[in-house]
Amino acid sequence: MLKKRLITCKLFIILTSLFEQISASAGSLVFYLLLARLLGPSDFGLFALYLMPAQILHSIAVQWVLLPITTTPGQRLPIRLLTSVAKRMLIMIVATPPFVALYAEISPIKELGAIFLLLVTGIFSAMILFDFTRYLAIRFGKASLQATCNTIRWLVSVIILISVSHLTMPNHLLALTALFLGILVSLLISVGPVFKEFWSDVQSQTHIMENYKKPDSNVLLSFGLANAVFAIISSSALARSSLTAFGAIQTFRSLVNWAPLVLQYIETHFASKLARESKTTFMDIKWSFFFLATFLLGEAVILIFGDWLLTVIVGADFVPYLWLFSTMYGLVLLQSYTRAVSIEVRLSGAMQVIWLQVILLIFGAFVIGIGMIFNESVMSTLVIVLVLVMTAILQAISITLGLKLYKK
């Protein structure tokens, strides 16, 4: 009887964790696809450029602030980790306005003003606080609460987007406002229960000076900054090459985010479970086969039904960019695989492996940047996408081989 209860309990935990990941990915998918249908490729590209600084800052925050929550070993989160995460989060929020102002100066869009600065600062602050509570909820085993908050977040954003779509405000501002309010409402719902658990965890450790080995924050911050540099340069180059193609790329990235659902689950829930159990190994050959099978199946579906899928889901305006749809599917899968391997890198303490990722990102950004400076006409959408794909392939190979060499 006891054994049955334990199996039932474990199954419930797995299902609620999986549902939490599905609610996060599916909600994002519905919102961005609805937005793509409302705006079309060109206007969606404009919206993506406005949202870009918040997304870039968020990519830094994930590496430097959030992932240590789910990848630090032990049953409880060390106090020094919690205080370190809180300090880093505050630093990033304070640094947001000057970063957004700098982005406004170098962005292809020149009419960015005070409203843009305030809105993007608000969106990023809400995003990082929401994800902070999300990662804590996952680490504390509160997946069912977080799944509810994820659902509310995207439901509110979709309802607001539909409700205000008839107003005379610019479409990108309406979309940013809907996104911000959805995050804000769900954050207000989640913050109480999660921080109650957070405070309880802190109080239970007040007498402990734990043997907590602080991860190399330099490599984490460098990796986040390298991602930011690469994103800024590649996005600016794509937008200058063709704003419509850039909008299609951002739409397709949202559309194919469901594909690496299992890998995203590994990055959050499974990594948290391994950290609580102080385990460091989980990647093996089966994950490579899983990735390859998912890739081939998806590409076959796109090849056969691609035109029809794009017409039905996002509209006929996106059909001319079918080749980008196929490319983004493979690229997102590859990047997700690399992120999954990086979780084992963190759990194993092989942080030096990440330095090669930093070098590859900087080199990719350098290639695109040099091309834009000296011969912008050569830097077509195809050439820039090829650099993105080659960078992702080299990252996947280098982190896999680097981890194997570290373990030897």
# chains A, B, ... in the order shown; residues from 1 in each chain; ligands from 1

$ residues_around --residues "Asn150 in chain A" --least-positions-apart "4" --cutoff "10 Å" --atoms "only C-alpha atoms" --output "MDAnalysis selection string"
chainID A and resid 20:28 130 134 144:146 154:155 182:183 186:187 190

$ closest_residue --among "A:Ala340, A:Ile91, A:Ala245, A:Leu309" --to "Thr71 in chain A" --atoms "only C-alpha atoms"
A:Ala340

$ residues_around --residues "Leu243 in chain A" --least-positions-apart "5" --cutoff "10 Å" --atoms "only C-alpha atoms" --output "tab-separated table (two decimals) with N, CA and C atoms, in the first residue's frame"
chain	number	residue	atom	x	y	z
A	41	PRO	N	4.01	40.03	-40.88
A	41	PRO	CA	5.46	39.91	-40.72
A	41	PRO	C	6.18	41.21	-40.41
A	42	SER	N	5.87	42.28	-41.15
A	42	SER	CA	6.61	43.54	-40.99
A	42	SER	C	6.36	44.17	-39.62
A	43	ASP	N	5.08	44.31	-39.24
A	43	ASP	CA	4.76	44.91	-37.95
A	43	ASP	C	5.20	44.03	-36.78
A	44	PHE	N	5.16	42.71	-36.98
A	44	PHE	CA	5.66	41.83	-35.92
A	44	PHE	C	7.17	42.00	-35.75
A	45	GLY	N	7.87	42.24	-36.85
A	45	GLY	CA	9.30	42.53	-36.76
A	45	GLY	C	9.56	43.80	-35.98
A	46	LEU	N	8.71	44.80	-36.18
A	46	LEU	CA	8.83	46.06	-35.44
A	46	LEU	C	8.61	45.82	-33.94
A	48	ALA	N	9.06	43.02	-32.36
A	48	ALA	CA	10.21	42.25	-31.86
A	48	ALA	C	11.40	43.15	-31.57
A	49	LEU	N	11.61	44.17	-32.40
A	49	LEU	CA	12.70	45.11	-32.15
A	49	LEU	C	12.46	45.92	-30.89
A	108	PRO	N	17.93	49.98	-35.10
A	108	PRO	CA	17.47	50.42	-36.43
A	108	PRO	C	16.25	51.34	-36.36
A	235	SER	N	20.38	40.53	-34.54
A	235	SER	CA	19.02	41.06	-34.72
A	235	SER	C	19.04	42.36	-35.51
A	236	SER	N	19.98	43.24	-35.17
A	236	SER	CA	20.09	44.51	-35.90
A	236	SER	C	20.42	44.26	-37.37
A	237	ALA	N	21.32	43.30	-37.62
A	237	ALA	CA	21.69	42.98	-39.01
A	237	ALA	C	20.50	42.41	-39.78
A	238	LEU	N	19.74	41.51	-39.14
A	238	LEU	CA	18.56	40.93	-39.80
A	238	LEU	C	17.50	42.00	-40.08
A	248	ALA	N	9.31	37.51	-39.63
A	248	ALA	CA	8.99	36.10	-39.88
A	248	ALA	C	9.85	35.19	-39.00
A	249	ILE	N	11.12	35.52	-38.84
A	249	ILE	CA	12.01	34.72	-38.00
A	249	ILE	C	11.53	34.70	-36.55
A	381	THR	N	19.81	38.19	-45.60
A	381	THR	CA	19.18	37.37	-44.57
A	381	THR	C	19.75	35.96	-44.58

$ residues_around --residues "range 173-176 of chain A" --least-positions-apart "2" --cutoff "9 Å" --atoms "only C-alpha atoms" --output "PyMOL selection string"
chain A and resi 35+47+50-51+115-116+119-120+123+157+160-161+164-165+167+169-171+178-181
